[in-house]
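All remarks here apply to the structure that follows.
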Amino acid sequence: MLLVGCIALLLGWAGIGLAGLLRPRSVFFTGRILFPLGALLGLALAALGAVSLVGGGIERLVLPIGLPGLPMHLRLDPLSSVFLVLLGASSGGISLFAGGYFRAGEGTAPGLLCLQYHLFLASMGWVLIADDAYSFLVAWELMALSSYFLVVTQHRIPEIRRAGFLYLLMAHVGAICLLLCFGVLQGGSWLFTFHAMRAAHLSPGWASAAFLLALVGFGAKAGLVPLHVWLPEAHPAAPSPVSALMSGVMLKTAVYGMLRVGLDLLGRPLWWWGLVPLILGLFTIFYGVLFAAVQTDMKRLLAYSSVENIGIVFTGIGLTIVFAGSGMRVVAALALLATLYHCLNHAFMKSLLFLGTGSVLHATGERNLGRLGGLIHRMPWVAWLTLIGTLAIAGLPPLNGFVSEWLLLQSFLFADHLPHAFVNLLIPMGMALVALGAALAGYVMVKFYGVIFLGQPREASLVHAHDCGWLERIGLAWLALGCLALGLAPVQVIGALSAVTAQLIGAVVPQASAHWWLLAPVPGRPVSYGPVVFLTATLAVVLLTALLVRLTYRQRVRRAPAWDCGFGALTPRMQDTAEGFGQPIRHLFQSFFDIERELPAPADRAPRYRIAIRERIWKLLYEPLSGAVERLANTAARLQQGRISVYLLYSFATLLVLLTVALLS
Amino acid sequence: MSAIDWITQVLEVVVALAAAPALLGWLNQCRAWLQNRRAPSLWLPYRNLRKLLHKEAVIAENASPLFRIAPYVVFGSMVLAAGIIPSMGTRLPLVVSADAIALVGLFAAARVFMTLAAMDVGTAFGTLGARREMMVGFLAEPALLMVIFVASLISSSTALPVITEHLASGHLGLSPGLAFSAVAFVLVLLAENARIPVDNPATHLELTMIHEAMVLEYSARHLALMEWAAQLKLFNYVCIGFALFLPWGVATGHIGPVGLLVAIPALAVKLAAAGAGLALIETVSAKMRVMRIPEFLGTAFLFAVLGLLVHVLLGA
């Protein structure tokens with residue numbers, strides 16, 4: 001029943017999309033009616049996923065559509081339910097925001113945008129419930145294509161077209177790997193249902209090949225370094241709700257795929273597989289956060305931050321597999337909980353931040369951090385709601401980002417019990433990188449929030465910035481509420497997620513505490529965390545202090561100009577810029593960056609300072625690769641003479657060869 | 001959780017609030033003696049707080065509500081942290097809700113609010129201080145976390161009281177892993193509390209200041225809270241050090257008033273020794289250039305990681 005409801009909701013999304021074509025130019029019709037309706041369907045989907053998750057059952061359905069021998073298989077199990085909840089709940093907020101966000105006259109017409117947007121949503125849902133390789137890949141491609149069109153909404157700008165092309169290219173490199181992966185997974189049975197793949201017995205060599213192919217395929221979609229290059233290009237190019245959807249939800253479909261293949265279809269994983277995503281994940285954390293720290297474009301900064309968070313998720317996946325393959329099932333379940341929890345967290349907090357930048361972009365027309373500032377006075381709603389997302393993603397208690405990092409660190413602390421020499425030495429070192437990444441994320445987020453919303457406006461035009469509309473406010477508030485709820489109710493969330501650990505690992509993390517507010521999931525260790533008490537205690541102390549200070553010392557507060565050191569000629573341009581704020585990181589980790597500087601000479605009349613930071617990976621990997629592809633294509637082009645006689649010669653030669661072969665055999 | 005536990009809990013917080021300014025006063029006294037100066041009174045920090053609390057507050061015209069909230073949040077975090085760290089007893093009701101990782105998170109939250117407030121007015125000094133503070137923080141925070149993880153691996157828990165009880169019950173000497181992390185911890189403590197060689201609390205020189213640059217726009221009661229929070233932070237860090245490396249005298253288990261009677265003098269003696277030790281370090285070392293700070297903290301981070309490696313390697 002739930003699966004049918006789920007299909008109906010996905011079809012509903014597609015229907016809303018098509019309805020957008022009825023009045024393609026009407027902003028009111030799409031923005032005020034269709035998008036909020038889509039948000040409602042999203043919430044319904046989340047509720048449905050939650051019911052299925054709590055029930056913990058598995059539903060299957062075969063629809064007579066598709067290839068002749070392969071009808072469409074659909075399945076709803078705990079793993080897909082979690083991601084359906086993620087998709088539905090976060091897209092609810094994003095769709096509401098999008099309803100207020102999209103305006104006429106910006107690239108694609110609103111109606112067409114509505115179609116692409118809702119097809120994107122529906123295809124993501126389809127990916128999550130597909131139960132055979134064919135419909136999975138069709139849904140996967142539909143997802144890639146619809147998001148491609150959304151990325152190039154403002155297709156008149158050449159950079160955006162370039163970014164879109166890069167995205168499409170990377171999506172297809174990934175898709176080819178997935179195609180090959182499923183080819184390996186069927187194991188000679190030529191049955192492409194996931195059910196048959198679970199039953200197929202692969203030799204360790206072939207299973208490893210399938211795992212690595214899946215890692216490349218899903219890693220390209222998720223943004224695992226070095227396959228992340230499309231993220232910092234595509235996210236800034238897309239309209240903000242689309243960036244939010246891509247970063248918050250679409251990246252998670254790749255995580256879903258990785259978990260589905262790695263832990264479900266491949267059955268019992270070998271422990272050393274986990275080392276690959278673990279090492280790549282740790283590197284991705286470090287790489288992403290360093291690049292985020294030196295960005296000056298707010299959406300690029302967030303894109304790199306997404307790379308970092310995907311690193312955390314893949315670190316979790318790696319740990320899960322290492323533990324599961326080594327027989328430490330309960331600890332593996334703990335690591336899997338951290339992974340899933342972080343996916344949920346990131347969906348809410350990153351969507352919130354991307355939507356916040358969208359409001360700023362609308363109000364000011366600026367994406368460059370160097371031209372923003374002081375917006376907390378002009379846009380209080382956006383500023384205060386974004387603050388919640390900022391604190392959450394910086395991993396501060398009692399918000400949600402902290403919970404998943406806490407769980408991940410707790411599972412890292414078991415690594416010294418692993419039965420493999422050296423590995424049990426090296427994995428605890430990974431903790432150092434996770435901790436460093438978390439601290440650097442705090443740095444990045446202070447920079448992001450401080451430069452945009454605090455301080456003085458760096459441009460005179462910012463005085464005219466306006467706060468966002470009511471639909472946008474509701475959308476932002478919903479996501480902020482999600483951050484709070486996930487932060488304060490980890491016991492309940494983990495209770496629901498344990499259906500997934502039971503399905504994939506075959507173990508459940510025991511909840512050691514009898515209290516609803518106390519999280520004590522670490523097997524055999526007296527460790528607990530109670531966010532509600534934590535928040536209450538903090539609030540109590542803060543309020544008590546404020547009350548005491550107020551009661552005891554009734555002095556008034558006077559407003560005066562800020563201290564200018566007696567200089568008298570300070571301007572807002574003298575505040576620290578985004579470049580300035582990132583300077584320590586740039587200086588410390590110089591060798592990581594490909595820096596191009598333009599410094600003024602002492603005698604310059606109009607001194608100019610410019611700095612451009614690129615990734616070394618372009619010169620080291622992608623440019624040689626694209627050069628090689630081009631050379632190969634040029635070589636192949638020699639065959640193409642464009643004259644009919646030459647092509648006839650080719651046919652004749654082929655025929656001769658074939659005849660010779662036929663005669664000889 | 002019995003009534004005595006709650007009393008211990010409240011007592012810990014009250015003692016921290018009361019003793020934190022004295023610790024700073026004592027440190028300054030020791031420093032003055034070591035430098036052949038006449039020492040200021042031990043009660044000077046208290047008088048300063050009182051003076052500040054009685055003044056009229058001046059706030060910059062373009063300050064946002066965040067600027068006014070921040071001192072309370074920073075102060076509240078430090079008070080809460082004082083309630084989590086087992087400085088006198090290990091049976092603390094609050095600790096169930098916050099382990100050592102949450103403690104580090106709490107410090108990070110205080111830091112983030114402080115830096116955001118520093119950026120709020122939008123003067124060059126504030127943002128400069130914020131940037132430098134985050135530069136110190138991003139290396140000091142993971143180093144502290146790694147120090148705690150070494151102790152967690154030894155005692156199989158990240159809850160500070162469990163760690164303290166475990167370490168207090170063991171042999172007297174430090175395990176090799178802990179020895180490395182003790183060095184790292186001292187470096188982190190100096191950096192996080194704006195002491196020489198990382199920051200000089202006595203000057204307002206723009207080339208070097210970190211903490212003072214951030215609170216430059218604050219006055220009166222807001223400044224008092226910020227200063228008191230800084231003193232509490234020093235107290236908390238010193239107490240974390242005691243909990244991890246010198247857990248003697250702390251009342252473990254359900255020990256009644258007698259245990260507390262032992263714990264309070266023990267804490268006083270340890271604080272006095274720590275203050276004198278810090279004063280000595282500050283006297284014999286010179287303030288380093290700002291861009292050298294990452295090297296200093298990188299050393300601390302590596303020491304902590306080394307401690308972890310040594311611990312896992314020796315399987316202790």
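Chain labels follow the order of the structure tokens: the first chain is A, the next B, and so on; residue numbering restarts at 1 in every chain, and ligands are counted from 1 in their shown order.
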Query raised in the report: What's the 9 Å shell around Ser152 of chain B, counting only C-alpha atoms, without same-chain residues fewer than 5 positions away, as a list in words?
Result: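 So, after excluding close chain neighbours, the residues are Leu413 of chain A; Val147, Ser157, Thr158, Ala159, Leu160, Val162 and Ile163 of chain B.
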Give me a file of those residues, with N, CA and C atoms, as a PDB file, in the first residue's frame.
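The new file result.pdb reads:
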```
ATOM      1  N   LEU A 413      36.513   5.587  17.579  1.00  0.00           N
ATOM      2  CA  LEU A 413      37.207   5.191  18.799  1.00  0.00           C
ATOM      3  C   LEU A 413      37.259   3.676  18.979  1.00  0.00           C
TER       4      LEU A 413
ATOM      5  N   VAL B 147      43.918  15.087  22.228  1.00  0.00           N
ATOM      6  CA  VAL B 147      44.396  14.862  23.602  1.00  0.00           C
ATOM      7  C   VAL B 147      43.342  14.074  24.372  1.00  0.00           C
ATOM      8  N   SER B 157      35.997   5.518  27.180  1.00  0.00           N
ATOM      9  CA  SER B 157      34.834   6.386  27.299  1.00  0.00           C
ATOM     10  C   SER B 157      35.242   7.800  26.960  1.00  0.00           C
ATOM     11  N   THR B 158      34.301   8.577  26.437  1.00  0.00           N
ATOM     12  CA  THR B 158      34.614   9.985  26.216  1.00  0.00           C
ATOM     13  C   THR B 158      34.002  10.862  27.307  1.00  0.00           C
ATOM     14  N   ALA B 159      33.410  10.237  28.319  1.00  0.00           N
ATOM     15  CA  ALA B 159      32.857  11.033  29.417  1.00  0.00           C
ATOM     16  C   ALA B 159      33.979  11.390  30.382  1.00  0.00           C
ATOM     17  N   LEU B 160      34.136  12.667  30.665  1.00  0.00           N
ATOM     18  CA  LEU B 160      35.276  13.103  31.473  1.00  0.00           C
ATOM     19  C   LEU B 160      35.329  12.452  32.860  1.00  0.00           C
ATOM     20  N   VAL B 162      34.313   9.546  33.819  1.00  0.00           N
ATOM     21  CA  VAL B 162      34.758   8.154  33.676  1.00  0.00           C
ATOM     22  C   VAL B 162      36.256   8.120  33.446  1.00  0.00           C
ATOM     23  N   ILE B 163      36.738   9.014  32.591  1.00  0.00           N
ATOM     24  CA  ILE B 163      38.171   9.083  32.315  1.00  0.00           C
ATOM     25  C   ILE B 163      38.924   9.381  33.608  1.00  0.00           C
TER      26      ILE B 163
END
```
Contacts of chain A with chain B up to 7 Å, shortest pair per row, only C-alpha atoms, as a tab-separated table:
```
residue	atom	partner	partner_atom	distance
A:His377	CA	B:Ser64	CA	6.9
A:Leu396	CA	B:Gly105	CA	5.4
A:Pro397	CA	B:Gly105	CA	5.9
A:Leu413	CA	B:Leu153	CA	6.7
A:Asp416	CA	B:Val312	CA	6.7
A:Leu425	CA	B:Val312	CA	6.1
A:Ala432	CA	B:Met146	CA	6.6
A:Ala435	CA	B:Pro142	CA	5.0
A:Leu436	CA	B:Pro142	CA	5.2
A:Ala439	CA	B:Phe138	CA	4.7
A:Leu440	CA	B:Phe138	CA	5.4
A:Tyr443	CA	B:Met134	CA	5.8
A:Val446	CA	B:Leu116	CA	6.6
A:Gly450	CA	B:Leu116	CA	5.9
A:Leu454	CA	B:Asp120	CA	4.6
A:Gly455	CA	B:Gly122	CA	3.6
A:Gln456	CA	B:Gly122	CA	5.2
A:Leu518	CA	B:Ser97	CA	6.8
A:Arg525	CA	B:Ser157	CA	5.9
A:Pro526	CA	B:Ser157	CA	6.1
A:Val527	CA	B:Ala159	CA	5.7
A:Ser528	CA	B:Val96	CA	5.8
A:Tyr529	CA	B:Ser97	CA	4.4
A:Gly530	CA	B:Ser97	CA	4.0
A:Pro531	CA	B:Ser97	CA	6.7
A:Val533	CA	B:Ser97	CA	6.3
A:Phe534	CA	B:Ser97	CA	6.1
A:Thr538	CA	B:Gly76	CA	6.1
A:Val541	CA	B:Gly76	CA	5.4
A:Val542	CA	B:Gly76	CA	4.9
A:Thr545	CA	B:Tyr72	CA	6.9
A:Ala546	CA	B:Tyr72	CA	6.7
A:Tyr553	CA	B:His54	CA	6.3
A:Gln555	CA	B:Glu56	CA	5.3
A:Arg556	CA	B:Glu56	CA	5.9
A:Val557	CA	B:Ala57	CA	4.8
A:Arg558	CA	B:Val58	CA	4.7
A:Arg559	CA	B:Ile59	CA	4.9
A:Ala560	CA	B:Ala60	CA	5.1
A:Pro561	CA	B:Ala60	CA	5.2
A:Ala562	CA	B:Ala60	CA	4.7
A:Met574	CA	B:Ala124	CA	6.1
A:Gln575	CA	B:Ala124	CA	4.7
A:Asp576	CA	B:Thr127	CA	5.6
A:Phe581	CA	B:Arg131	CA	5.7
A:Pro584	CA	B:Met135	CA	6.8
```
Go ahead and save the residues from that selection, with N, CA and C atoms, as a tab-separated table (two decimals), in the first residue's frame.
```
chain	number	residue	atom	x	y	z
A	377	HIS	N	21.01	43.71	9.32
A	377	HIS	CA	20.10	44.83	9.60
A	377	HIS	C	19.00	44.95	8.57
A	396	LEU	N	28.29	22.61	15.88
A	396	LEU	CA	28.22	23.06	17.26
A	396	LEU	C	27.03	22.43	17.97
A	397	PRO	N	27.23	21.94	19.20
A	397	PRO	CA	26.10	21.44	19.95
A	397	PRO	C	25.22	22.60	20.40
A	413	LEU	N	36.51	5.59	17.58
A	413	LEU	CA	37.21	5.19	18.80
A	413	LEU	C	37.26	3.68	18.98
A	416	ASP	N	40.69	0.81	17.16
A	416	ASP	CA	41.88	0.13	17.65
A	416	ASP	C	41.60	-1.33	18.02
A	425	LEU	N	46.12	0.76	13.55
A	425	LEU	CA	46.96	1.89	13.94
A	425	LEU	C	46.59	3.12	13.14
A	432	ALA	N	42.00	12.29	13.52
A	432	ALA	CA	42.66	13.59	13.55
A	432	ALA	C	42.17	14.43	12.37
A	435	ALA	N	38.59	15.55	12.96
A	435	ALA	CA	38.55	16.64	13.92
A	435	ALA	C	39.04	17.94	13.30
A	436	LEU	N	40.11	17.84	12.51
A	436	LEU	CA	40.65	19.03	11.86
A	436	LEU	C	39.63	19.59	10.87
A	439	ALA	N	36.90	21.45	12.70
A	439	ALA	CA	37.33	22.76	13.18
A	439	ALA	C	37.45	23.75	12.03
A	440	LEU	N	37.97	23.26	10.89
A	440	LEU	CA	38.09	24.14	9.72
A	440	LEU	C	36.71	24.53	9.19
A	443	TYR	N	35.68	27.50	10.89
A	443	TYR	CA	36.38	28.66	10.31
A	443	TYR	C	35.63	29.16	9.07
A	446	VAL	N	32.24	30.78	9.94
A	446	VAL	CA	32.36	32.12	10.52
A	446	VAL	C	32.64	33.13	9.41
A	450	GLY	N	29.93	35.87	8.79
A	450	GLY	CA	30.43	37.17	9.19
A	450	GLY	C	30.55	38.14	8.04
A	454	LEU	N	27.28	40.28	8.77
A	454	LEU	CA	27.73	41.16	9.85
A	454	LEU	C	28.61	42.27	9.30
A	455	GLY	N	29.02	43.17	10.18
A	455	GLY	CA	29.86	44.27	9.77
A	455	GLY	C	29.07	45.38	9.12
A	456	GLN	N	29.78	46.21	8.36
A	456	GLN	CA	29.10	47.30	7.66
A	456	GLN	C	28.94	46.93	6.20
A	518	LEU	N	18.08	11.08	26.33
A	518	LEU	CA	19.50	10.78	26.49
A	518	LEU	C	19.96	9.78	25.44
A	525	ARG	N	29.94	1.07	26.38
A	525	ARG	CA	30.74	2.19	26.90
A	525	ARG	C	29.84	3.19	27.60
A	526	PRO	N	30.25	3.67	28.73
A	526	PRO	CA	29.44	4.64	29.46
A	526	PRO	C	29.56	6.03	28.85
A	527	VAL	N	28.95	6.21	27.70
A	527	VAL	CA	29.05	7.48	27.00
A	527	VAL	C	27.65	7.93	26.64
A	528	SER	N	27.34	9.17	26.90
A	528	SER	CA	26.00	9.63	26.54
A	528	SER	C	26.02	11.10	26.18
A	529	TYR	N	24.96	11.52	25.53
A	529	TYR	CA	24.83	12.91	25.12
A	529	TYR	C	23.35	13.26	25.15
A	530	GLY	N	23.00	14.29	25.87
A	530	GLY	CA	21.59	14.69	25.99
A	530	GLY	C	21.38	16.11	25.51
A	531	PRO	N	21.08	16.27	24.21
A	531	PRO	CA	21.01	17.62	23.66
A	531	PRO	C	19.93	18.49	24.31
A	533	VAL	N	18.84	18.45	27.45
A	533	VAL	CA	19.36	18.96	28.72
A	533	VAL	C	20.44	20.01	28.45
A	534	PHE	N	21.26	19.70	27.49
A	534	PHE	CA	22.34	20.60	27.11
A	534	PHE	C	21.79	21.98	26.76
A	538	THR	N	22.12	25.42	28.93
A	538	THR	CA	22.73	26.61	28.35
A	538	THR	C	21.77	27.79	28.44
A	541	VAL	N	21.34	29.03	32.02
A	541	VAL	CA	22.48	29.82	32.51
A	541	VAL	C	22.50	31.20	31.85
A	542	VAL	N	22.25	31.21	30.53
A	542	VAL	CA	22.30	32.48	29.81
A	542	VAL	C	21.22	33.42	30.31
A	545	THR	N	21.95	34.65	33.85
A	545	THR	CA	22.98	35.68	33.84
A	545	THR	C	22.38	37.02	33.41
A	546	ALA	N	21.62	36.95	32.31
A	546	ALA	CA	21.03	38.19	31.80
A	546	ALA	C	20.14	38.82	32.86
A	553	TYR	N	22.49	45.60	38.09
A	553	TYR	CA	23.13	46.80	37.57
A	553	TYR	C	22.22	47.46	36.55
A	555	GLN	N	22.12	49.96	34.65
A	555	GLN	CA	22.72	51.07	33.90
A	555	GLN	C	22.14	51.07	32.50
A	556	ARG	N	22.02	52.27	31.95
A	556	ARG	CA	21.44	52.31	30.61
A	556	ARG	C	22.50	52.00	29.57
A	557	VAL	N	22.05	51.78	28.36
A	557	VAL	CA	22.95	51.49	27.25
A	557	VAL	C	22.93	52.70	26.32
A	558	ARG	N	24.10	53.17	26.01
A	558	ARG	CA	24.18	54.33	25.12
A	558	ARG	C	24.73	53.87	23.77
A	559	ARG	N	24.16	54.42	22.71
A	559	ARG	CA	24.67	54.12	21.36
A	559	ARG	C	25.62	55.21	20.93
A	560	ALA	N	26.74	54.82	20.41
A	560	ALA	CA	27.73	55.81	19.98
A	560	ALA	C	28.42	55.28	18.74
A	561	PRO	N	29.09	56.13	17.99
A	561	PRO	CA	29.82	55.63	16.81
A	561	PRO	C	30.91	54.67	17.25
A	562	ALA	N	31.25	53.73	16.37
A	562	ALA	CA	32.30	52.77	16.70
A	562	ALA	C	33.63	53.50	16.84
A	574	MET	N	37.43	49.15	4.64
A	574	MET	CA	38.61	48.79	5.43
A	574	MET	C	38.35	47.59	6.33
A	575	GLN	N	37.15	47.06	6.28
A	575	GLN	CA	36.90	45.82	7.03
A	575	GLN	C	37.68	44.68	6.38
A	576	ASP	N	37.82	43.61	7.14
A	576	ASP	CA	38.44	42.43	6.57
A	576	ASP	C	37.57	41.91	5.43
A	581	PHE	N	40.04	37.16	5.16
A	581	PHE	CA	39.67	36.17	6.16
A	581	PHE	C	40.24	34.80	5.82
A	584	PRO	N	45.02	33.35	6.22
A	584	PRO	CA	45.85	32.39	6.97
A	584	PRO	C	45.85	31.00	6.36
```
Query - Coordinates-based distance that separates atom CA of Ala392 of chain A from atom CA of Leu484 of chain A (Å, one decimal) - result: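 Taking atom CA of Leu484 of chain A and atom CA of Ala392 of chain A, their separation equals 8.5 Å.
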Report task. Fewer than 2 positions away in the same chain doesn't count, so skip those; otherwise give me all residues within 8 Å of Asp467 of chain A, counting only C-alpha atoms, as a VMD selection string. Result -> chain A and resid 359 363 378 to 382 465 469
I need the chosen residues saved as a CSV table (one decimal), in the first residue's frame, with N, CA and C atoms.
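Final output, saved to selection34.csv:
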```csv
chain,number,residue,atom,x,y,z
A,359,SER,N,18.4,34.2,-1.3
A,359,SER,CA,17.7,35.5,-0.8
A,359,SER,C,18.6,36.7,-0.9
A,363,ALA,N,18.2,39.9,-3.3
A,363,ALA,CA,18.1,41.3,-2.7
A,363,ALA,C,19.2,42.2,-3.1
A,378,ARG,N,19.3,44.6,7.3
A,378,ARG,CA,18.3,44.8,6.2
A,378,ARG,C,17.5,43.5,6.1
A,379,MET,N,18.1,42.4,6.3
A,379,MET,CA,17.4,41.1,6.1
A,379,MET,C,17.4,40.3,7.4
A,380,PRO,N,16.7,40.7,8.4
A,380,PRO,CA,16.8,40.0,9.7
A,380,PRO,C,16.3,38.5,9.6
A,381,TRP,N,15.2,38.3,8.8
A,381,TRP,CA,14.7,36.9,8.7
A,381,TRP,C,15.7,36.0,8.2
A,382,VAL,N,16.2,36.4,7.0
A,382,VAL,CA,17.2,35.5,6.3
A,382,VAL,C,18.4,35.3,7.2
A,465,ALA,N,18.8,46.7,0.1
A,465,ALA,CA,18.5,45.3,0.2
A,465,ALA,C,17.2,45.1,1.0
A,469,GLY,N,10.4,37.3,0.9
A,469,GLY,CA,8.9,37.2,1.0
A,469,GLY,C,8.4,36.2,2.0
```
Report task. Determine, counting only C-alpha atoms, which protein, DNA and RNA residues have an atom within 7 Å of an atom of Pro277 of chain A; residues of the same chain fewer than 5 positions away are not included. Present the result as a ChimeraX atom specification. Result -> /A:314-315,317-318
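The space separating atom CA of Ala347 of chain A from atom CA of Cys483 of chain A comes to 9.4 Å.
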Query raised in the report: DSSP says alpha helix (DSSP H) for which residues of segment 495-659 of chain A? Put them as an NGL selection string?
Result: :A and (495-504 or 531-552 or 578-588 or 616-617 or 623-637 or 644-659)
Expected file contents, prior selection, C-alpha atoms, as a short mmCIF file (atom, residue, chain, number, x, y, z; two decimals), in the first residue's frame:
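Written output follows (selection_19.cif):
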```cif
data_model
loop_
_atom_site.label_atom_id
_atom_site.label_comp_id
_atom_site.auth_asym_id
_atom_site.auth_seq_id
_atom_site.Cartn_x
_atom_site.Cartn_y
_atom_site.Cartn_z
CA GLY A 495 15.46 4.56 16.79
CA ALA A 496 13.88 4.97 13.35
CA LEU A 497 17.19 4.53 11.55
CA SER A 498 17.92 1.24 13.28
CA ALA A 499 15.59 -0.49 10.82
CA VAL A 500 18.21 0.30 8.16
CA THR A 501 21.12 -1.00 10.19
CA ALA A 502 19.13 -4.16 10.82
CA GLN A 503 18.51 -4.51 7.09
CA LEU A 504 22.04 -3.78 5.85
CA PRO A 531 21.01 17.62 23.66
CA VAL A 532 17.75 18.68 25.30
CA VAL A 533 19.36 18.96 28.72
CA PHE A 534 22.34 20.60 27.11
CA LEU A 535 20.19 23.24 25.47
CA THR A 536 18.06 23.75 28.56
CA ALA A 537 21.11 24.16 30.76
CA THR A 538 22.73 26.61 28.35
CA LEU A 539 19.54 28.63 28.01
CA ALA A 540 18.98 28.59 31.77
CA VAL A 541 22.48 29.82 32.51
CA VAL A 542 22.30 32.48 29.81
CA LEU A 543 18.89 33.75 30.90
CA LEU A 544 19.84 33.67 34.57
CA THR A 545 22.98 35.68 33.84
CA ALA A 546 21.03 38.19 31.80
CA LEU A 547 18.42 38.49 34.54
CA LEU A 548 20.97 38.89 37.32
CA VAL A 549 22.97 41.46 35.42
CA ARG A 550 19.84 43.38 34.61
CA LEU A 551 18.48 43.29 38.16
CA THR A 552 21.74 44.18 39.85
CA ALA A 578 36.71 37.42 2.29
CA GLU A 579 40.21 37.18 0.82
CA GLY A 580 41.61 38.58 4.03
CA PHE A 581 39.67 36.17 6.16
CA GLY A 582 40.92 33.23 4.14
CA GLN A 583 44.49 34.50 4.07
CA PRO A 584 45.85 32.39 6.97
CA ILE A 585 44.60 29.21 5.30
CA ARG A 586 45.95 30.29 1.93
CA HIS A 587 49.28 31.06 3.50
CA LEU A 588 49.47 27.84 5.52
CA ARG A 616 45.91 21.90 -9.00
CA ILE A 617 43.86 18.92 -10.01
CA GLU A 623 43.93 18.85 -18.62
CA PRO A 624 46.24 15.95 -19.53
CA LEU A 625 43.20 13.69 -19.69
CA SER A 626 41.23 15.97 -21.98
CA GLY A 627 44.36 16.46 -24.11
CA ALA A 628 44.72 12.71 -24.47
CA VAL A 629 41.06 12.33 -25.42
CA GLU A 630 41.43 15.06 -28.01
CA ARG A 631 44.53 13.47 -29.52
CA LEU A 632 42.75 10.14 -29.68
CA ALA A 633 39.78 11.76 -31.35
CA ASN A 634 42.06 13.48 -33.87
CA THR A 635 43.68 10.16 -34.71
CA ALA A 636 40.30 8.55 -35.17
CA ALA A 637 39.20 11.47 -37.31
CA ILE A 644 31.99 8.15 -50.38
CA SER A 645 34.68 6.17 -52.21
CA VAL A 646 36.78 5.88 -49.05
CA TYR A 647 33.80 4.63 -47.04
CA LEU A 648 33.06 2.07 -49.79
CA LEU A 649 36.67 0.96 -49.54
CA TYR A 650 36.22 0.45 -45.78
CA SER A 651 33.11 -1.67 -46.39
CA PHE A 652 34.90 -3.69 -49.03
CA ALA A 653 37.90 -4.31 -46.80
CA THR A 654 35.68 -5.33 -43.90
CA LEU A 655 33.81 -7.73 -46.14
CA LEU A 656 37.08 -9.28 -47.32
CA VAL A 657 38.31 -9.76 -43.79
CA LEU A 658 35.04 -11.30 -42.67
CA LEU A 659 34.97 -13.64 -45.64
#
```
Query raised in the report: So which residues touch Thr284 of chain A within 7 Å, counting only C-alpha atoms, skipping near sequence neighbours fewer than 2 positions away, as a PyMOL selection string?
Result: chain A and resi 224-225+280-282+286-288+307-308+311
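Using only C-alpha atoms, the nearest neighbour of Val249 of chain A within the list A:Ser90, A:Gln186, A:Ser305, A:Asn345 is A:Ser90.
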Query - Residue neighbourhood Lys287 of chain B, 12 Å, only C-alpha atoms, exclusion window fewer than 4 positions, as a ChimeraX atom specification - result: /B:190-191,194-203,205,207-209,281-283,291-293,296
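When atom CA of Glu59 of chain A is paired with atom CA of Tyr256 of chain A, their separation reads 17.9 Å.
Look at segment 239-246 of chain B: the protein and nucleic acid residues within 8 Å of it, using only C-alpha atoms and passing over chain neighbours fewer than 4 places away, are Ile85, Pro86, Ser87, Ile148, Ala151, Leu160, Pro161, Ile163, Thr164, Leu167, Ala168, Leu174, Leu178, Ala182, Phe185, Phe235 and Lys270 of chain B.
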